[in-house]
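Next comes upload_10.cif, with mmCIF, C-alpha atoms.
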```
data_start
loop_
_atom_site.label_atom_id
_atom_site.label_comp_id
_atom_site.auth_asym_id
_atom_site.auth_seq_id
_atom_site.Cartn_x
_atom_site.Cartn_y
_atom_site.Cartn_z
CA MET A 1 0.00 0.00 0.00
CA ARG A 2 1.41 3.38 -0.96
CA LEU A 3 1.98 5.80 1.89
CA ARG A 4 -0.02 8.98 2.02
CA PHE A 5 1.34 11.98 3.84
CA PHE A 6 0.26 15.60 4.22
CA PRO A 7 1.50 17.74 1.31
CA LEU A 8 4.27 20.16 2.17
CA GLY A 9 2.03 23.19 2.04
CA VAL A 10 -0.50 21.87 4.54
CA VAL A 11 -2.22 24.63 6.47
CA VAL A 12 -2.23 24.23 10.25
CA THR A 13 -5.81 24.87 11.25
CA LEU A 14 -7.17 26.13 14.53
CA SER A 15 -8.26 22.64 15.46
CA LEU A 16 -4.71 21.38 14.96
CA LEU A 17 -3.38 24.11 17.22
CA VAL A 18 -5.87 23.11 19.90
CA ILE A 19 -4.79 19.48 19.62
CA VAL A 20 -1.10 20.37 19.82
CA ILE A 21 -1.70 22.55 22.89
CA ALA A 22 -3.61 19.72 24.52
CA LEU A 23 -0.78 17.30 23.72
CA THR A 24 1.87 19.52 25.28
CA ALA A 25 -0.06 19.49 28.55
CA THR A 26 0.78 15.79 28.91
CA VAL A 27 4.53 16.11 28.42
CA ARG A 28 5.37 15.69 32.11
CA SER A 29 3.42 12.47 32.47
CA ILE A 30 4.12 10.97 29.06
CA ALA A 31 5.61 7.77 30.47
CA ALA A 32 2.18 6.49 31.50
CA PRO A 33 0.69 4.26 28.77
CA SER A 34 -2.74 5.78 29.44
CA ASP A 35 -1.45 9.10 28.04
CA VAL A 36 -1.16 7.57 24.57
CA PRO A 37 -4.37 8.11 22.57
CA ALA A 38 -6.42 4.97 22.00
CA TRP A 39 -5.99 5.08 18.20
CA LEU A 40 -2.21 5.24 18.61
CA GLN A 41 -2.16 2.64 21.37
CA ALA A 42 -3.63 0.24 18.80
CA HIS A 43 -0.31 0.42 16.90
CA VAL A 44 1.81 -0.43 19.96
CA GLY A 45 3.39 -3.87 19.98
CA ASP A 46 6.51 -5.82 19.12
CA SER A 47 5.42 -7.26 15.76
CA ASP A 48 6.65 -5.96 12.42
CA GLY A 49 4.94 -2.67 11.57
CA GLN A 50 4.11 -1.95 15.21
CA ILE A 51 6.02 0.37 17.55
CA SER A 52 7.29 -0.88 20.90
CA THR A 53 6.16 0.94 24.04
CA VAL A 54 9.48 2.45 25.12
CA VAL A 55 10.21 3.72 21.60
CA LEU A 56 6.85 5.46 21.31
CA GLU A 57 7.01 6.96 24.81
CA ARG A 58 10.44 8.49 24.23
CA ALA A 59 9.66 9.69 20.71
CA ARG A 60 6.41 11.27 21.84
CA ALA A 61 8.00 12.92 24.87
CA LEU A 62 10.74 14.42 22.69
CA TYR A 63 8.21 15.78 20.21
CA LEU A 64 5.95 17.30 22.86
CA LYS A 65 8.96 18.87 24.56
CA LYS A 66 10.06 20.57 21.34
CA VAL A 67 6.50 21.69 20.57
CA ALA A 68 6.23 23.21 24.06
CA GLN A 69 9.55 25.02 23.48
CA GLY A 70 8.18 26.47 20.25
CA VAL A 71 10.90 24.99 18.04
CA VAL A 72 8.61 22.48 16.29
CA ARG A 73 5.34 23.25 14.52
CA ASN A 74 5.29 20.22 12.24
CA PRO A 75 2.16 18.11 12.89
CA CYS A 76 4.20 14.90 12.54
CA TYR A 77 7.20 13.33 14.24
CA PHE A 78 9.48 10.35 13.62
CA ALA A 79 10.88 7.37 15.50
CA MET A 80 13.17 4.49 14.61
CA ASP A 81 13.73 1.16 16.35
CA ALA A 82 17.21 0.03 15.32
CA THR A 83 16.92 -3.17 17.38
CA ARG A 84 14.50 -4.62 14.83
CA PRO A 85 15.58 -6.51 11.69
CA GLY A 86 16.14 -4.45 8.57
CA ASP A 87 16.01 -7.42 6.19
CA MET A 88 13.28 -9.99 6.83
CA GLY A 89 14.44 -12.22 3.96
CA ASN A 90 12.87 -13.09 0.59
CA GLY A 91 13.00 -9.45 -0.44
CA VAL A 92 10.86 -8.27 2.49
CA LEU A 93 12.18 -5.30 4.48
CA GLY A 94 11.47 -4.76 8.16
CA ARG A 95 9.23 -1.79 8.94
CA ARG A 96 11.02 -0.08 11.82
CA TYR A 97 10.87 3.64 10.99
CA TYR A 98 7.71 5.39 12.12
CA VAL A 99 5.90 8.48 10.84
CA ILE A 100 3.35 9.62 13.43
CA CYS A 101 0.89 12.46 12.87
CA GLU A 102 -1.36 12.62 15.92
CA ALA A 103 -3.51 15.52 14.70
CA SER A 104 -4.72 13.43 11.75
CA GLN A 105 -4.48 10.11 13.65
CA SER A 106 -2.00 8.85 11.07
CA PHE A 107 0.61 6.15 11.73
CA HIS A 108 2.92 4.66 9.09
CA ALA A 109 5.72 2.13 9.56
CA ILE A 110 8.33 1.94 6.78
CA SER A 111 11.75 0.42 6.17
CA SER A 112 15.04 2.12 7.01
CA GLY A 113 18.71 1.19 6.89
CA HIS A 114 21.09 0.98 9.87
CA GLY A 115 24.78 1.81 10.13
CA GLY A 116 27.02 -0.88 8.67
CA GLY A 117 29.99 -0.15 10.95
CA ARG A 118 33.49 -1.20 9.89
CA ASN A 119 35.88 -4.12 10.12
CA LEU A 120 39.38 -2.75 10.71
CA LYS A 121 41.06 -6.02 9.80
CA GLY A 122 43.71 -7.09 12.24
CA THR A 123 42.62 -4.44 14.73
CA VAL A 124 38.94 -4.48 15.66
CA ASP A 125 35.65 -5.51 14.06
CA PHE A 126 32.56 -3.40 14.80
CA SER A 127 30.66 -4.18 11.61
CA ASN A 128 26.98 -5.06 11.32
CA GLY A 129 25.10 -7.51 9.14
CA ARG A 130 22.22 -6.65 6.83
CA ARG A 131 19.52 -8.09 9.07
CA CYS A 132 20.34 -7.03 12.61
CA SER A 133 22.54 -4.40 14.20
CA LYS A 134 24.84 -5.55 16.99
CA ASN A 135 27.20 -2.57 17.16
CA PHE A 136 26.25 1.04 17.83
CA GLY A 137 28.34 4.14 18.45
CA ASN A 138 28.99 7.84 17.94
CA ALA A 139 32.64 7.88 16.85
CA MET A 140 33.73 9.83 13.79
CA ASP A 141 34.25 7.60 10.72
CA SER A 142 32.74 4.61 12.54
CA GLU A 143 29.71 4.35 10.20
CA LEU A 144 27.63 3.26 13.20
CA THR A 145 24.11 4.25 14.22
CA ALA A 146 23.88 6.34 17.40
CA GLY A 147 20.57 6.31 19.23
CA GLY A 148 19.03 9.29 20.94
CA ALA A 149 17.21 12.56 20.27
CA TYR A 150 17.48 14.34 16.93
CA MET A 151 15.94 17.28 15.10
CA THR A 152 15.68 17.44 11.32
CA SER A 153 17.45 20.46 9.85
CA GLU A 154 18.31 21.87 6.42
CA ALA A 155 17.87 19.98 3.16
CA LYS A 156 20.73 19.91 0.66
CA THR A 157 20.32 18.52 -2.86
CA SER A 158 23.49 17.44 -4.68
CA PHE A 159 24.17 16.29 -8.22
CA LYS A 160 25.84 12.87 -8.13
CA GLY A 161 26.12 12.12 -11.84
CA PHE A 162 24.15 10.67 -14.73
CA TYR A 163 22.76 7.19 -15.18
CA ARG A 164 21.15 5.50 -18.17
CA THR A 165 17.61 4.16 -18.07
CA GLY A 166 16.28 1.08 -19.87
CA ALA A 167 15.11 3.38 -22.65
CA LYS A 168 18.75 4.46 -23.07
CA GLN A 169 18.02 7.94 -21.80
CA ASN A 170 20.55 9.78 -19.67
CA VAL A 171 19.06 11.01 -16.39
CA ALA A 172 20.70 13.34 -13.88
CA PHE A 173 20.75 11.80 -10.41
CA GLN A 174 20.26 14.38 -7.67
CA ARG A 175 19.94 13.19 -4.08
CA THR A 176 18.55 15.28 -1.23
CA PHE A 177 20.12 14.97 2.20
CA ILE A 178 18.31 16.07 5.37
CA GLN A 179 20.84 17.05 8.04
CA PHE A 180 20.12 15.86 11.60
CA ASP A 181 21.11 17.76 14.73
CA GLY A 182 21.45 15.47 17.73
CA GLU A 183 21.55 15.84 21.49
CA GLY A 184 23.60 14.12 24.19
CA GLU A 185 25.61 11.23 22.76
CA ALA A 186 24.30 12.14 19.31
CA ALA A 187 25.38 15.80 19.59
CA ASN A 188 28.14 15.31 17.00
CA ALA A 189 25.66 14.28 14.29
CA ARG A 190 26.48 17.33 12.18
CA GLN A 191 30.23 16.69 12.44
CA ARG A 192 29.60 13.06 11.44
CA VAL A 193 27.33 14.22 8.58
CA ILE A 194 24.48 12.12 9.91
CA GLY A 195 21.08 12.66 8.33
CA GLY A 196 18.42 11.09 6.16
CA HIS A 197 18.36 10.38 2.43
CA ALA A 198 17.17 7.94 -0.21
CA ALA A 199 18.98 4.59 -0.25
CA GLN A 200 20.38 5.14 -3.73
CA VAL A 201 23.91 5.61 -5.03
CA LEU A 202 25.78 5.60 -8.33
CA ARG A 203 28.34 2.79 -8.73
CA GLY A 204 31.02 2.09 -11.34
CA MET A 205 31.67 5.73 -12.10
CA CYS A 206 33.25 6.88 -15.35
CA MET A 207 33.46 10.18 -17.26
CA ARG A 208 31.96 11.15 -20.61
CA LYS A 209 32.41 14.14 -22.89
CA SER A 210 29.37 16.39 -22.69
CA PRO A 211 30.59 19.99 -23.00
CA ASN A 212 27.06 21.38 -23.44
CA SER A 213 25.84 19.96 -20.14
CA SER A 214 25.30 22.40 -17.29
CA TYR A 215 27.01 19.80 -15.06
CA ALA A 216 30.18 19.58 -17.18
CA ASP A 217 33.52 20.31 -15.53
CA HIS A 218 36.21 22.57 -16.96
CA ASP A 219 37.23 19.76 -19.35
CA GLY A 220 33.66 19.30 -20.59
CA LEU A 221 33.27 15.98 -18.76
CA VAL A 222 30.32 14.68 -16.73
CA PRO A 223 30.23 11.63 -14.41
CA PHE A 224 28.19 8.54 -15.27
CA GLY A 225 27.36 5.49 -13.20
CA LYS A 226 24.87 2.71 -12.52
CA LEU A 227 22.01 3.63 -10.20
CA VAL A 228 21.87 1.18 -7.29
CA ASP A 229 19.01 0.91 -4.79
CA TYR A 230 20.27 -0.39 -1.42
CA ALA A 231 17.08 -0.02 0.62
CA GLY A 232 17.62 -3.55 1.93
CA GLY A 233 21.23 -2.86 2.89
CA ARG A 234 23.22 -0.80 5.37
CA SER A 235 24.14 2.86 5.55
CA ASN A 236 27.23 4.73 6.73
CA GLY A 237 25.42 5.68 9.93
CA CYS A 238 22.68 7.76 8.30
CA THR A 239 18.98 7.00 8.15
CA SER A 240 18.21 5.76 4.64
CA TRP A 241 14.77 5.18 3.12
CA SER A 242 13.40 3.73 -0.10
CA PRO A 243 13.28 6.36 -2.89
CA THR A 244 9.49 6.67 -2.70
CA ASP A 245 9.42 7.02 1.09
CA ALA A 246 12.37 9.43 1.02
CA GLN A 247 10.59 11.74 -1.41
CA GLN A 248 7.53 11.94 0.84
CA ILE A 249 9.45 12.29 4.12
CA ILE A 250 11.76 15.00 2.76
CA ALA A 251 8.72 16.96 1.57
CA MET A 252 7.27 16.77 5.09
CA VAL A 253 10.31 18.26 6.82
CA LYS A 254 11.78 20.64 4.24
CA ASP A 255 11.59 24.09 5.87
CA ASN A 256 9.44 22.54 8.61
CA PRO A 257 11.65 20.69 11.13
CA THR A 258 10.48 17.97 13.45
CA THR A 259 11.89 15.42 15.88
CA LEU A 260 13.34 11.97 15.38
CA TYR A 261 14.01 9.57 18.23
CA ILE A 262 16.24 6.58 17.51
CA TYR A 263 16.26 3.62 19.89
CA PRO A 264 18.50 2.29 21.49
CA GLU A 265 20.73 4.64 23.46
CA SER A 266 23.95 3.50 25.16
CA ARG A 267 22.12 3.04 28.48
CA ASP A 268 19.69 0.63 26.82
CA ILE A 269 22.51 -1.28 25.16
CA ALA A 270 24.38 -1.59 28.46
CA ALA A 271 21.25 -2.80 30.27
CA VAL A 272 20.43 -5.39 27.61
CA ALA A 273 24.04 -6.62 27.48
CA GLN A 274 24.06 -6.97 31.27
CA ALA A 275 20.75 -8.82 31.23
CA ALA A 276 22.07 -11.19 28.58
CA LYS A 277 25.21 -11.78 30.63
CA SER A 278 23.24 -12.55 33.78
CA HIS A 279 20.65 -14.60 31.85
CA SER A 280 17.73 -12.51 33.10
CA PRO A 281 14.28 -13.84 32.12
CA SER A 282 13.04 -12.14 28.95
CA GLY A 283 10.09 -10.65 30.82
CA GLU A 284 12.45 -8.82 33.18
CA ALA A 285 15.07 -7.70 30.67
CA PRO A 286 15.04 -4.23 29.02
CA TYR A 287 13.43 -4.08 25.59
CA TRP A 288 15.21 -5.46 22.53
CA ASN A 289 13.74 -7.13 19.49
CA ALA A 290 13.68 -10.82 20.38
CA SER A 291 14.69 -12.27 17.01
CA CYS A 292 17.65 -9.90 16.61
CA LEU A 293 18.80 -10.41 20.19
CA LYS A 294 18.87 -14.17 19.61
CA GLU A 295 20.96 -13.58 16.49
CA ILE A 296 23.51 -11.10 17.89
CA GLY A 297 23.84 -12.52 21.41
CA ALA A 298 24.43 -9.15 23.06
CA PRO A 299 24.71 -5.62 21.63
CA LYS A 300 27.64 -3.27 22.15
CA PHE A 301 28.03 0.51 22.22
CA TRP A 302 31.36 1.94 21.06
CA PRO A 303 31.90 5.39 22.65
CA ARG A 304 33.82 7.94 20.62
CA LYS A 305 36.43 8.51 23.32
CA THR A 306 37.65 4.92 22.99
CA LEU A 307 36.93 4.14 19.33
CA GLU A 308 38.11 7.35 17.65
CA PRO A 309 41.78 6.89 18.73
CA VAL A 310 41.65 3.32 17.38
CA ILE A 311 40.29 4.50 14.02
CA ALA A 312 42.85 7.32 13.87
CA GLN A 313 45.72 4.90 14.55
CA TYR A 314 44.39 2.49 11.92
CA LYS A 315 44.33 5.28 9.34
CA GLN A 316 47.92 6.17 10.24
CA ASP A 317 49.04 2.55 9.94
CA HIS A 318 47.07 1.95 6.75
CA PRO A 319 47.28 5.19 4.70
CA ALA A 320 44.82 5.43 1.85
CA PRO A 321 46.30 5.15 -1.66
CA PRO A 322 46.53 8.38 -3.62
CA PRO A 323 43.27 9.25 -5.39
CA GLN A 324 43.02 8.03 -8.96
CA PRO A 325 41.23 9.94 -11.74
CA VAL A 326 37.82 8.59 -12.72
CA PRO A 327 38.29 6.59 -15.95
CA MET A 328 36.62 7.52 -19.22
CA CYS A 329 33.53 5.53 -20.14
CA LYS A 330 34.18 2.80 -22.72
CA GLU A 331 30.71 2.69 -24.28
CA PRO A 332 29.53 5.64 -26.40
#
```
Represent the structure of the file as structure tokens.
Amino acid sequence: MRLRFFPLGVVVTLSLLVIVIALTATVRSIAAPSDVPAWLQAHVGDSDGQISTVVLERARALYLKKVAQGVVRNPCYFAMDATRPGDMGNGVLGRRYYVICEASQSFHAISSGHGGGRNLKGTVDFSNGRRCSKNFGNAMDSELTAGGAYMTSEAKTSFKGFYRTGAKQNVAFQRTFIQFDGEGEAANARQRVIGGHAAQVLRGMCMRKSPNSSYADHDGLVPFGKLVDYAGGRSNGCTSWSPTDAQQIIAMVKDNPTTLYIYPESRDIAAVAQAAKSHSPSGEAPYWNASCLKEIGAPKFWPRKTLEPVIAQYKQDHPAPPPQPVPMCKEP
């Protein structure tokens, strides 16, 4: 089913303002499940497409806090549960990113990528598989997902190159990136260039002569590549969506910021890891998606103060080769 969101130019009516004001009145007692409206409570659960209780409570509290502070007027807010599987198998993607618009009683769960991490061979491995994320962190160049509170910020659209369609037409690929500003452990999101974008990239780049193109460089060359959709894969720490979902989400937040809460934070990871170590009964342990927890054993958070020096030393010991010019395309 295709998602339907408010158009970008939606007018905030008086009734919406009344609803938002009423919502902000509950911000201090948001932890109580009874504070969640009945229609939204119906979407709470641990199955695919549902949102787990702790994720909703924290996402909703963050949103109401920012509304009360006057920094958010967007009628919708976002949440992501990075403990859930991203790849369900057989081409099915896990729905673990949530778009919640309480004023219109709208709830949508969609797919989203998680940070792939890195394997610094011979030094340390903090990489993640396609299905479940075991490693989390906030270190520069770690390519890990960091949980916590975020605000969407400016949108930047960049030309990446051309690709050829099945009809042998050359199409300019421009991808929009929504910058995130984080708080607490995620406060370095801007320095890490963490944000949201479509899970698309150009691979196998080469250069072609096209002096009349507005994208041509000083030598009259433009980049070409193969457009790859990696919605079922991993990101470099950003939040990535399918092209269709990305288009709709970006339209919602362009020039109209809102909140995003990503679960888990380091405190959750530590609590779950401790519970796994002490073999606590599942009913007593902190929340984690059951299928992923069985797969990963125990999660781990890599703080920047310990991981960044390791990454820096690895770079020093393994210097990158000098950059090579992009080759010319062989086909006409």
Problem - Evaluate the PyMOL selection byres ((chain A and resi 327) around 12) and report residues as a count of residues only - result: 19
Exercise for the section: Figure out the distance between CA of Cys292 (chain A) and CA of Pro85 (chain A), please, to one decimal in Å. Expected result: 6.3 Å
Exercise for the section: For CA of His279 (chain A) and CA of Lys294 (chain A), determine how far apart the two atoms are, in Å to one decimal place. Expected result: 12.4 Å
Practice task
May I ask for the distance between CA of Pro303 (chain A) and CA of Gly232 (chain A), given in Å to one decimal place?
Solution key: 26.7 Å
Practice task
Given the file shown, determine the residues that the PyMOL selection byres ((chain A and resi 301) around 10) selects; report them as a ChimeraX atom specification.
Solution key: /A:126,134-138,144-147,264-270,273,299-300,302-304
Handout entry: Picked residues, the PyMOL selection byres ((chain A and resi 41) around 12), as a ChimeraX atom specification
Key = /A:32-40,42-45,50-53,56-57,100,102,105,107
Practice task
Counting only C-alpha atoms, figure out which residue out of A:Ala298, A:Val171, A:Lys121, A:Ala59 gets nearest to Asp317 (chain A).
Solution key: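 Once distances to Asp317 (chain A) are computed over only C-alpha atoms, the minimum belongs to A:Lys121.
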Handout entry: Pick from A:Gly113, A:Pro75, A:Gly49, A:Pro243 nearest to Val228 (chain A), counting only C-alpha atoms
Key =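 Nearest to Val228 (chain A): A:Pro243.
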Within 12 Å of region 246-256 of chain A: each region 89-137 of chain A residue with its shortest pair, all atoms listed in the file, as JSON lines:
```
{"residue": "A:Tyr97", "atom": "CA", "partner": "A:Ile249", "partner_atom": "CA", "distance": 11.1}
{"residue": "A:Tyr98", "atom": "CA", "partner": "A:Ile249", "partner_atom": "CA", "distance": 10.7}
{"residue": "A:Val99", "atom": "CA", "partner": "A:Ile249", "partner_atom": "CA", "distance": 8.5}
{"residue": "A:Ile100", "atom": "CA", "partner": "A:Ile249", "partner_atom": "CA", "distance": 11.4}
{"residue": "A:Cys101", "atom": "CA", "partner": "A:Met252", "partner_atom": "CA", "distance": 10.9}
{"residue": "A:His108", "atom": "CA", "partner": "A:Ile249", "partner_atom": "CA", "distance": 11.2}
{"residue": "A:Ile110", "atom": "CA", "partner": "A:Ala246", "partner_atom": "CA", "distance": 10.3}
{"residue": "A:Ser111", "atom": "CA", "partner": "A:Ala246", "partner_atom": "CA", "distance": 10.4}
{"residue": "A:Ser112", "atom": "CA", "partner": "A:Ala246", "partner_atom": "CA", "distance": 9.8}
{"residue": "A:Gly113", "atom": "CA", "partner": "A:Ala246", "partner_atom": "CA", "distance": 11.9}
```
Show me the residues around (9.1, 22.8, 17.7) - criterion: an atom at most 10 Å away, all atoms listed in the file counted - as a PDB file with C-alpha atoms, keeping the file's coordinate frame.
```pdb
ATOM      1  CA  LEU A  62      10.740  14.420  22.690  1.00  0.00           C
ATOM      2  CA  TYR A  63       8.210  15.780  20.210  1.00  0.00           C
ATOM      3  CA  LEU A  64       5.950  17.300  22.860  1.00  0.00           C
ATOM      4  CA  LYS A  65       8.960  18.870  24.560  1.00  0.00           C
ATOM      5  CA  LYS A  66      10.060  20.570  21.340  1.00  0.00           C
ATOM      6  CA  VAL A  67       6.500  21.690  20.570  1.00  0.00           C
ATOM      7  CA  ALA A  68       6.230  23.210  24.060  1.00  0.00           C
ATOM      8  CA  GLN A  69       9.550  25.020  23.480  1.00  0.00           C
ATOM      9  CA  GLY A  70       8.180  26.470  20.250  1.00  0.00           C
ATOM     10  CA  VAL A  71      10.900  24.990  18.040  1.00  0.00           C
ATOM     11  CA  VAL A  72       8.610  22.480  16.290  1.00  0.00           C
ATOM     12  CA  ARG A  73       5.340  23.250  14.520  1.00  0.00           C
ATOM     13  CA  ASN A  74       5.290  20.220  12.240  1.00  0.00           C
ATOM     14  CA  PRO A  75       2.160  18.110  12.890  1.00  0.00           C
ATOM     15  CA  MET A 151      15.940  17.280  15.100  1.00  0.00           C
ATOM     16  CA  ASN A 256       9.440  22.540   8.610  1.00  0.00           C
ATOM     17  CA  PRO A 257      11.650  20.690  11.130  1.00  0.00           C
ATOM     18  CA  THR A 258      10.480  17.970  13.450  1.00  0.00           C
ATOM     19  CA  THR A 259      11.890  15.420  15.880  1.00  0.00           C
TER      20      THR A 259
END
```
Exercise for the section: Go through A:Asn128, A:Ser104, A:Asn236, A:Gln316 and flag the residue nearest Thr83 (chain A), using only C-alpha atoms for the distances. Expected result: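 Distance minimum relative to Thr83 (chain A) lands on A:Asn128.
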Would you kindly place N, CA and C atoms on region 303-314 of chain A and return the model as a JSON list (two decimals), keeping the file's coordinate frame?
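Wrote it out as result29.json, contents follow:
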```
[["chain", "number", "residue", "atom", "x", "y", "z"],
["A", 303, "PRO", "N", 31.83, 3.94, 22.42],
["A", 303, "PRO", "CA", 31.90, 5.39, 22.65],
["A", 303, "PRO", "C", 33.04, 6.01, 21.86],
["A", 304, "ARG", "N", 32.84, 7.26, 21.47],
["A", 304, "ARG", "CA", 33.82, 7.94, 20.62],
["A", 304, "ARG", "C", 35.17, 8.09, 21.31],
["A", 305, "LYS", "N", 35.17, 8.27, 22.62],
["A", 305, "LYS", "CA", 36.43, 8.51, 23.32],
["A", 305, "LYS", "C", 37.36, 7.31, 23.26],
["A", 306, "THR", "N", 36.80, 6.11, 23.09],
["A", 306, "THR", "CA", 37.65, 4.92, 22.99],
["A", 306, "THR", "C", 37.84, 4.46, 21.55],
["A", 307, "LEU", "N", 36.83, 4.66, 20.70],
["A", 307, "LEU", "CA", 36.93, 4.14, 19.33],
["A", 307, "LEU", "C", 37.65, 5.10, 18.39],
["A", 308, "GLU", "N", 37.47, 6.40, 18.56],
["A", 308, "GLU", "CA", 38.11, 7.35, 17.65],
["A", 308, "GLU", "C", 39.63, 7.24, 17.62],
["A", 309, "PRO", "N", 40.32, 7.08, 18.79],
["A", 309, "PRO", "CA", 41.78, 6.89, 18.73],
["A", 309, "PRO", "C", 42.17, 5.62, 17.97],
["A", 310, "VAL", "N", 41.37, 4.57, 18.08],
["A", 310, "VAL", "CA", 41.65, 3.32, 17.38],
["A", 310, "VAL", "C", 41.54, 3.53, 15.87],
["A", 311, "ILE", "N", 40.48, 4.23, 15.45],
["A", 311, "ILE", "CA", 40.29, 4.50, 14.02],
["A", 311, "ILE", "C", 41.40, 5.40, 13.49],
["A", 312, "ALA", "N", 41.78, 6.41, 14.28],
["A", 312, "ALA", "CA", 42.85, 7.32, 13.87],
["A", 312, "ALA", "C", 44.18, 6.58, 13.70],
["A", 313, "GLN", "N", 44.48, 5.67, 14.63],
["A", 313, "GLN", "CA", 45.72, 4.90, 14.55],
["A", 313, "GLN", "C", 45.69, 3.97, 13.35],
["A", 314, "TYR", "N", 44.52, 3.39, 13.08],
["A", 314, "TYR", "CA", 44.39, 2.49, 11.92],
["A", 314, "TYR", "C", 44.64, 3.25, 10.63]]
```
